[in-house]
Amino acid sequence: MHDKYTPRDIEQKHYDRWRHLGCFAPAGEGPAYCIMIPPPNVTGTLHMGHAFQDTIMDALTRYHRMRGHKTLWQYGTDHAGIATQMVVERQLNAQGKTRHDLGRDAFEKAVWEWKAQSGGAISSQLAALGGSVDWETERFTMDAELSSAVTRVFVDLYREGLIYRGKRLVNWDPVLLTALSDLEVLSEEENGHLWQFAYPLSDGSGEMVVATTRPETMLGDTAVAVNPDDERYQHLIGKTIDLPLTNRAIPVIADDYVDPEFGTGCVKITPAHDFNDYDIGQRHNLPVINILNPDATLNEAVPSDFQGLDRYDARKKVVADFDALGLLRGIDDHRLMVPRGDRSQAVVEPYLTDQWYVKIEPLAKPAIAAVKNGDIRFVPENWSKTYYEWMHNIQDWCISRQLWWGHRIPAWYDGDGNIFVGNDEADVRAHYALADDITLERDNDVLDTWFSSGLWPFSTLGWPEQTERLATFYPTSVLVTGFDIIFFWVARMIMLGLKFAGDVPFREVYIHGLIRDQDGQKMSKSKGNVLDPLDLINGIDLDGLLEKRLTGLMQPHLAPKIEAATRKQFPDGIPEFGCDALRFTFATLATTGRDIRFELGRIEGNRNFCNKLWNAARFVRLSTSDAVAATPTPSTADRWIRSRLNATTADVHRHFEQYRLDLAAQALYDFVWHAYCDWYLELAKATLNDEAGSDGARAAAQQTLVDVLDAVLRLLHPLMPFITEEIWLSYGPQANDDTATLMTAAFPDSEAANDDPAAEADIEWLQSFTLGVRQIRGEMDISPGKPVPVILGNTANDDRDRLKRLGRLLSRVARIESIDEIADQDLSMAATAFVGELKLLVPLAGLIDIDAERARLARQRDKSAADLAKVQGKLANDKFVANAPADVVSKERERLDSLEKAVADLDEQIARLG
RNA sequence: GGGCGAUUAGCUCAGGGGUAGAGCGCCACGUUGACAUCGUGGAGGUCGGUGGUUCGAAACCACCAUCGCCCACCA
């Protein structure tokens, strides 16, 4: 061990060694424990959210591995259809090419090449984070085995009637030129207008005024609807209007959907370009006139002077034409929800196309039941409500995408458009008994990425083969993920897992919060507030950080603002904190809330904690290098720290089982810093350096120092794998064992035999005594090194007994010169402190600042008096005495006693000071 | 419109029917042989508001306020 804690010297070497030793593969003899990594985008990099999530998964994995479970953290990546295709297309665009220049096969090849080139980034980042995934069984959603699982599921669902192809309105992205599922469309309120158009009645008897936010769609109107009960329009139902700008007459129909209160109570109906209108059209057998091309320009179904116009240009022209015709009745500002594609940000069009759908209700029912009956448990529990909310309103899932990158749909068409679904063309021909001379053409579309992600928990384990891995690890133990993909991913895994793997995909779903910046803002490139986990581990100078944040900005005009904010927040860049500090920080942030603010102060504090542990370990090494050869005789302090350790161990187990890594981290931080370092190390020093002490006591202290350190390292290892391994390998038998590693050492269990309430009470007494002396010392400006005499008042037999047993230790720790019970001097010149009722007096004739001491005592007195008043009030209340539990009442009585004495003692002491 | 969550010390957050907590920050003191990435002491809160349940509420319930998130077809 070096004198100084420098994370970069100790981290990566251990990771390489673990890999070399094969520690990441499932090995334990115990029950299986498995976590599936939510597969990151293969061409992406890990951001803070990933690092946070990976830390949680790794901590859980390491915890169970150390407990001897047969533990698998399944790693792999996702092909991420649209996202990846966009990245590669952007690269092509930069070279002045499009994917169409390459053609489908060459484009796919280019994506595979990009994957090979960039796919390693995530792996090395995960390694830098200490992630103990099983590298040997890494999977990719487009691997041959996983792809054949996808095909198998598609074919089975199709043959069971749960997948169908249909012409319907879908969410169409006119930039990416593909259909999207409902989930991939994000609607936001934007400023727009509400136009009022007059539609003349065909019989010349007047006009109907309709309101619309989308004027251009009137070219596809096939009806005007009113509410059947709306008396204003009763007489018009069944008549027709002459649709301006077109040569069409369209009917006036009645439908409950229309709200008579809104606008004029007349609604234009465009079945081809609005989901509601489509439904109304179906109900009334209206024609469906599609007026758009796939890129949202107007097609040949509209008058020639509109053909080829972009939808927004067409909008302007429609409005202008209405105005020219004298049919424009008004333009109002209007807030409306605008649907945009989550990837392209393009305004999505409802568009009539042939797509593939999963009939979802038969799959959703058992998936709802699985959560309801407890087969799957959400943690925290309330997320199950979100899950139910969506599952009860779930719509059929559009799974086809007009992309080139992804799993191609296993459907073939003959010349007549008949559909044949099968594992491959040969399977199709066999299954449908098709003659050899029939030519088949394969569907061009690929599947939604989430279709393959939904199979992840079993496809990675070998399904549909009944492999040993599948039998061992399915259902997996827990899914660790963010609430943002409960619908996208969690729900679909549950549905598909139940359907195809015959059981739930995981027993528990641990939903964690989303990492935000110190101001609660989402971290994003365009906001310029992104932190790279690796920069927190390794540190980065200001220039490097600026370069990262400012290059490749989509909106370069934001650069000056981002630069200024970055310079202000990180004037000296980011210092090196190390992986362990980052992980420990993530653990402390893993609370039950939904948003998590990441502040540099937290990680700095935890880096200091690493340093503390490091130095404590150095101290242990130094003080145990010369082993005292004697039979250990454990002291009260030894028994105390073991008892505290035992309680901490139990806490850590409980917190891990309940996914409260924040509490586990806090319990360990508190024990290591405030019990072990602050107190036990000081007590041990007193014992080891006490020339009058026994060898047995020294041997016991040495033993305890090492034993507790050893346990602490094990307990901390799941959260801080590197520093614990480094320290652990530096002493004891494992130091000389080339194959030893803390990774597979046993995680401590708490044992009732180690509980020692008597020792805890003794040391608590010693601590209060010491605290009292320190308070006096601190307030009276007495130098910490100067031993002080202490005179006792109100001494009880317990105190005398403890003084006899612990007095020597106490004197050394608290630097007390002498302890006397008899006051044979003038105590008015003394500072006072209380240990319960025991009164400590430090005579300080000539040294004491009377005013300061009086003020200090008065503060204490006031506080005690206030507490006393409360307790008196309680005990004076008959109902309290009658109804409160007996132990609460007696506790209050005891408190009353001691507070009364404390106030009296303080009054007396204040009086004595004059 | 429906659903969910938050409101506790200057900041970031734990906690939870019976004495209000941590980290960071702040003030004072300190070169005590593990650690100044430290030590010792200290200041700082009527736990968003109102009402209810209870012997007792910061905690449980209702309502309100403020903030945030998710879902939803009002032209």
# chains A, B, ... in the order shown; residues from 1 in each chain; ligands from 1
>>> closest_atom_pairs(of="chain B", to="chain A", cutoff="12 Å", atoms="only C-alpha atoms (C1' of nucleotides)", output="JSON lines")
{"residue": "B:G2", "atom": "C1'", "partner": "A:Glu389", "partner_atom": "CA", "distance": 9.9}
{"residue": "B:G3", "atom": "C1'", "partner": "A:Glu389", "partner_atom": "CA", "distance": 7.6}
{"residue": "B:C4", "atom": "C1'", "partner": "A:Thr386", "partner_atom": "CA", "distance": 7.4}
{"residue": "B:G5", "atom": "C1'", "partner": "A:Arg594", "partner_atom": "CA", "distance": 7.7}
{"residue": "B:A6", "atom": "C1'", "partner": "A:Gly593", "partner_atom": "CA", "distance": 8.5}
{"residue": "B:C11", "atom": "C1'", "partner": "A:Glu599", "partner_atom": "CA", "distance": 10.0}
{"residue": "B:U12", "atom": "C1'", "partner": "A:Glu599", "partner_atom": "CA", "distance": 7.4}
{"residue": "B:C13", "atom": "C1'", "partner": "A:Leu589", "partner_atom": "CA", "distance": 8.6}
{"residue": "B:A14", "atom": "C1'", "partner": "A:Leu663", "partner_atom": "CA", "distance": 8.0}
{"residue": "B:G15", "atom": "C1'", "partner": "A:Leu663", "partner_atom": "CA", "distance": 10.5}
{"residue": "B:G17", "atom": "C1'", "partner": "A:Ala884", "partner_atom": "CA", "distance": 11.1}
{"residue": "B:G18", "atom": "C1'", "partner": "A:Val888", "partner_atom": "CA", "distance": 6.9}
{"residue": "B:U19", "atom": "C1'", "partner": "A:Asp867", "partner_atom": "CA", "distance": 7.7}
{"residue": "B:G21", "atom": "C1'", "partner": "A:Gln666", "partner_atom": "CA", "distance": 12.0}
{"residue": "B:A22", "atom": "C1'", "partner": "A:Gln666", "partner_atom": "CA", "distance": 8.2}
{"residue": "B:G23", "atom": "C1'", "partner": "A:Arg602", "partner_atom": "CA", "distance": 6.9}
{"residue": "B:C24", "atom": "C1'", "partner": "A:Gly601", "partner_atom": "CA", "distance": 5.8}
{"residue": "B:G25", "atom": "C1'", "partner": "A:Gly601", "partner_atom": "CA", "distance": 9.6}
{"residue": "B:A28", "atom": "C1'", "partner": "A:Gly778", "partner_atom": "CA", "distance": 9.0}
{"residue": "B:C29", "atom": "C1'", "partner": "A:Asp781", "partner_atom": "CA", "distance": 7.1}
{"residue": "B:G30", "atom": "C1'", "partner": "A:Pro784", "partner_atom": "CA", "distance": 7.5}
{"residue": "B:U32", "atom": "C1'", "partner": "A:Gly785", "partner_atom": "CA", "distance": 5.6}
{"residue": "B:G33", "atom": "C1'", "partner": "A:Phe619", "partner_atom": "CA", "distance": 10.5}
{"residue": "B:A34", "atom": "C1'", "partner": "A:Phe619", "partner_atom": "CA", "distance": 4.1}
{"residue": "B:C35", "atom": "C1'", "partner": "A:Asn615", "partner_atom": "CA", "distance": 5.2}
{"residue": "B:A36", "atom": "C1'", "partner": "A:Asn608", "partner_atom": "CA", "distance": 11.6}
{"residue": "B:U37", "atom": "C1'", "partner": "A:Asn608", "partner_atom": "CA", "distance": 4.7}
{"residue": "B:C38", "atom": "C1'", "partner": "A:Lys612", "partner_atom": "CA", "distance": 8.9}
{"residue": "B:G39", "atom": "C1'", "partner": "A:Asp678", "partner_atom": "CA", "distance": 9.4}
{"residue": "B:U40", "atom": "C1'", "partner": "A:Gly778", "partner_atom": "CA", "distance": 6.9}
{"residue": "B:G41", "atom": "C1'", "partner": "A:Gly778", "partner_atom": "CA", "distance": 5.0}
{"residue": "B:G42", "atom": "C1'", "partner": "A:Glu779", "partner_atom": "CA", "distance": 8.6}
{"residue": "B:U54", "atom": "C1'", "partner": "A:Asn883", "partner_atom": "CA", "distance": 10.1}
{"residue": "B:C55", "atom": "C1'", "partner": "A:Phe880", "partner_atom": "CA", "distance": 3.6}
{"residue": "B:G56", "atom": "C1'", "partner": "A:Phe880", "partner_atom": "CA", "distance": 7.3}
{"residue": "B:C67", "atom": "C1'", "partner": "A:Gly520", "partner_atom": "CA", "distance": 11.9}
{"residue": "B:G68", "atom": "C1'", "partner": "A:Asp595", "partner_atom": "CA", "distance": 9.4}
{"residue": "B:C69", "atom": "C1'", "partner": "A:Arg594", "partner_atom": "CA", "distance": 8.6}
{"residue": "B:C70", "atom": "C1'", "partner": "A:Thr386", "partner_atom": "CA", "distance": 8.2}
{"residue": "B:C71", "atom": "C1'", "partner": "A:Trp390", "partner_atom": "CA", "distance": 7.7}
{"residue": "B:A72", "atom": "C1'", "partner": "A:Asn393", "partner_atom": "CA", "distance": 10.3}
{"residue": "B:C73", "atom": "C1'", "partner": "A:Asn276", "partner_atom": "CA", "distance": 5.6}
{"residue": "B:C74", "atom": "C1'", "partner": "A:Asp259", "partner_atom": "CA", "distance": 7.4}
{"residue": "B:A75", "atom": "C1'", "partner": "A:Thr212", "partner_atom": "CA", "distance": 5.7}
>>> residues_around(residues="Cys398 (chain A)", least_positions_apart="6", cutoff="12 Å", atoms="only C-alpha atoms (C1' of nucleotides)", output="MDAnalysis selection string")
chainID A and resid 163:172 178:184 353:360 445:451
>>> select_by_dssp(residues="region 405-543 of chain A", states="strand (DSSP E)", output="list in words")
Ala411, Trp412, Tyr413, Ile419, Phe420, Val421, Glu441, Arg442, Val446, Leu447, Thr476, Ser477, Val478, Leu479, Val480, Thr481, Gly482, Phe506, Arg507, Glu508, Val509, Tyr510, Ile511, His512, Leu514, Ile515 and Arg516 of chain A
>>> write_last_selection(atoms="N, CA and C atoms", output="PDB file, in the first residue's frame")
ATOM      1  N   ALA A 411     -41.990 -12.314 -43.623  1.00  0.00           N
ATOM      2  CA  ALA A 411     -43.212 -12.502 -44.393  1.00  0.00           C
ATOM      3  C   ALA A 411     -42.876 -12.375 -45.872  1.00  0.00           C
ATOM      4  N   TRP A 412     -43.532 -13.202 -46.650  1.00  0.00           N
ATOM      5  CA  TRP A 412     -43.291 -13.192 -48.104  1.00  0.00           C
ATOM      6  C   TRP A 412     -44.619 -12.992 -48.823  1.00  0.00           C
ATOM      7  N   TYR A 413     -44.529 -12.398 -50.015  1.00  0.00           N
ATOM      8  CA  TYR A 413     -45.730 -12.148 -50.802  1.00  0.00           C
ATOM      9  C   TYR A 413     -45.581 -12.795 -52.169  1.00  0.00           C
ATOM     10  N   ILE A 419     -50.136 -13.299 -48.385  1.00  0.00           N
ATOM     11  CA  ILE A 419     -49.098 -13.212 -47.360  1.00  0.00           C
ATOM     12  C   ILE A 419     -48.723 -14.605 -46.854  1.00  0.00           C
ATOM     13  N   PHE A 420     -47.445 -14.860 -46.773  1.00  0.00           N
ATOM     14  CA  PHE A 420     -46.967 -16.127 -46.222  1.00  0.00           C
ATOM     15  C   PHE A 420     -45.914 -15.833 -45.160  1.00  0.00           C
ATOM     16  N   VAL A 421     -46.126 -16.362 -43.972  1.00  0.00           N
ATOM     17  CA  VAL A 421     -45.193 -16.089 -42.878  1.00  0.00           C
ATOM     18  C   VAL A 421     -44.499 -17.377 -42.460  1.00  0.00           C
ATOM     19  N   GLU A 441     -41.683 -12.689 -52.746  1.00  0.00           N
ATOM     20  CA  GLU A 441     -40.850 -11.552 -52.403  1.00  0.00           C
ATOM     21  C   GLU A 441     -40.992 -11.239 -50.925  1.00  0.00           C
ATOM     22  N   ARG A 442     -39.854 -10.981 -50.297  1.00  0.00           N
ATOM     23  CA  ARG A 442     -39.894 -10.785 -48.852  1.00  0.00           C
ATOM     24  C   ARG A 442     -40.327  -9.362 -48.511  1.00  0.00           C
ATOM     25  N   VAL A 446     -38.691  -3.791 -41.367  1.00  0.00           N
ATOM     26  CA  VAL A 446     -38.040  -4.432 -40.210  1.00  0.00           C
ATOM     27  C   VAL A 446     -38.935  -4.243 -38.991  1.00  0.00           C
ATOM     28  N   LEU A 447     -38.574  -4.943 -37.924  1.00  0.00           N
ATOM     29  CA  LEU A 447     -39.384  -4.887 -36.705  1.00  0.00           C
ATOM     30  C   LEU A 447     -38.927  -3.758 -35.788  1.00  0.00           C
ATOM     31  N   THR A 476     -35.355 -14.373 -14.266  1.00  0.00           N
ATOM     32  CA  THR A 476     -34.238 -13.671 -13.658  1.00  0.00           C
ATOM     33  C   THR A 476     -34.696 -13.055 -12.337  1.00  0.00           C
ATOM     34  N   SER A 477     -33.735 -12.572 -11.577  1.00  0.00           N
ATOM     35  CA  SER A 477     -34.046 -12.139 -10.212  1.00  0.00           C
ATOM     36  C   SER A 477     -34.665 -10.761 -10.166  1.00  0.00           C
ATOM     37  N   VAL A 478     -34.012  -9.834 -10.808  1.00  0.00           N
ATOM     38  CA  VAL A 478     -34.510  -8.459 -10.723  1.00  0.00           C
ATOM     39  C   VAL A 478     -34.152  -7.723 -11.996  1.00  0.00           C
ATOM     40  N   LEU A 479     -35.030  -6.830 -12.398  1.00  0.00           N
ATOM     41  CA  LEU A 479     -34.746  -5.926 -13.499  1.00  0.00           C
ATOM     42  C   LEU A 479     -34.499  -4.548 -12.898  1.00  0.00           C
ATOM     43  N   VAL A 480     -33.384  -3.955 -13.262  1.00  0.00           N
ATOM     44  CA  VAL A 480     -33.043  -2.625 -12.752  1.00  0.00           C
ATOM     45  C   VAL A 480     -33.175  -1.635 -13.899  1.00  0.00           C
ATOM     46  N   THR A 481     -34.098  -0.714 -13.770  1.00  0.00           N
ATOM     47  CA  THR A 481     -34.309   0.193 -14.906  1.00  0.00           C
ATOM     48  C   THR A 481     -34.983   1.485 -14.483  1.00  0.00           C
ATOM     49  N   GLY A 482     -35.048   2.420 -15.418  1.00  0.00           N
ATOM     50  CA  GLY A 482     -35.674   3.711 -15.156  1.00  0.00           C
ATOM     51  C   GLY A 482     -37.147   3.683 -15.513  1.00  0.00           C
ATOM     52  N   PHE A 506     -38.827 -11.718 -14.730  1.00  0.00           N
ATOM     53  CA  PHE A 506     -38.070 -11.310 -13.534  1.00  0.00           C
ATOM     54  C   PHE A 506     -39.043 -11.268 -12.372  1.00  0.00           C
ATOM     55  N   ARG A 507     -38.504 -11.485 -11.194  1.00  0.00           N
ATOM     56  CA  ARG A 507     -39.339 -11.496  -9.988  1.00  0.00           C
ATOM     57  C   ARG A 507     -39.619 -10.094  -9.474  1.00  0.00           C
ATOM     58  N   GLU A 508     -38.648  -9.217  -9.674  1.00  0.00           N
ATOM     59  CA  GLU A 508     -38.789  -7.865  -9.150  1.00  0.00           C
ATOM     60  C   GLU A 508     -38.328  -6.866 -10.205  1.00  0.00           C
ATOM     61  N   VAL A 509     -38.918  -5.706 -10.167  1.00  0.00           N
ATOM     62  CA  VAL A 509     -38.505  -4.617 -11.043  1.00  0.00           C
ATOM     63  C   VAL A 509     -38.119  -3.453 -10.148  1.00  0.00           C
ATOM     64  N   TYR A 510     -36.827  -3.176 -10.100  1.00  0.00           N
ATOM     65  CA  TYR A 510     -36.374  -2.060  -9.284  1.00  0.00           C
ATOM     66  C   TYR A 510     -36.272  -0.822 -10.178  1.00  0.00           C
ATOM     67  N   ILE A 511     -37.144   0.149  -9.907  1.00  0.00           N
ATOM     68  CA  ILE A 511     -37.198   1.367 -10.705  1.00  0.00           C
ATOM     69  C   ILE A 511     -36.410   2.462  -9.991  1.00  0.00           C
ATOM     70  N   HIS A 512     -35.377   2.956 -10.659  1.00  0.00           N
ATOM     71  CA  HIS A 512     -34.581   4.018 -10.036  1.00  0.00           C
ATOM     72  C   HIS A 512     -34.904   5.362 -10.681  1.00  0.00           C
ATOM     73  N   LEU A 514     -33.985   9.304 -12.295  1.00  0.00           N
ATOM     74  CA  LEU A 514     -33.212   9.805 -13.437  1.00  0.00           C
ATOM     75  C   LEU A 514     -32.200  10.824 -12.963  1.00  0.00           C
ATOM     76  N   ILE A 515     -30.974  10.663 -13.450  1.00  0.00           N
ATOM     77  CA  ILE A 515     -29.906  11.583 -13.048  1.00  0.00           C
ATOM     78  C   ILE A 515     -30.065  12.920 -13.766  1.00  0.00           C
ATOM     79  N   ARG A 516     -30.083  13.974 -12.988  1.00  0.00           N
ATOM     80  CA  ARG A 516     -30.132  15.322 -13.550  1.00  0.00           C
ATOM     81  C   ARG A 516     -28.923  16.113 -13.071  1.00  0.00           C
TER      82      ARG A 516
END
>>> residues_around(residues="region 544-548 of chain A", least_positions_apart="5", cutoff="8 Å", atoms="only C-alpha atoms (C1' of nucleotides)", output="PyMOL selection string")
chain A and resi 563+566+573
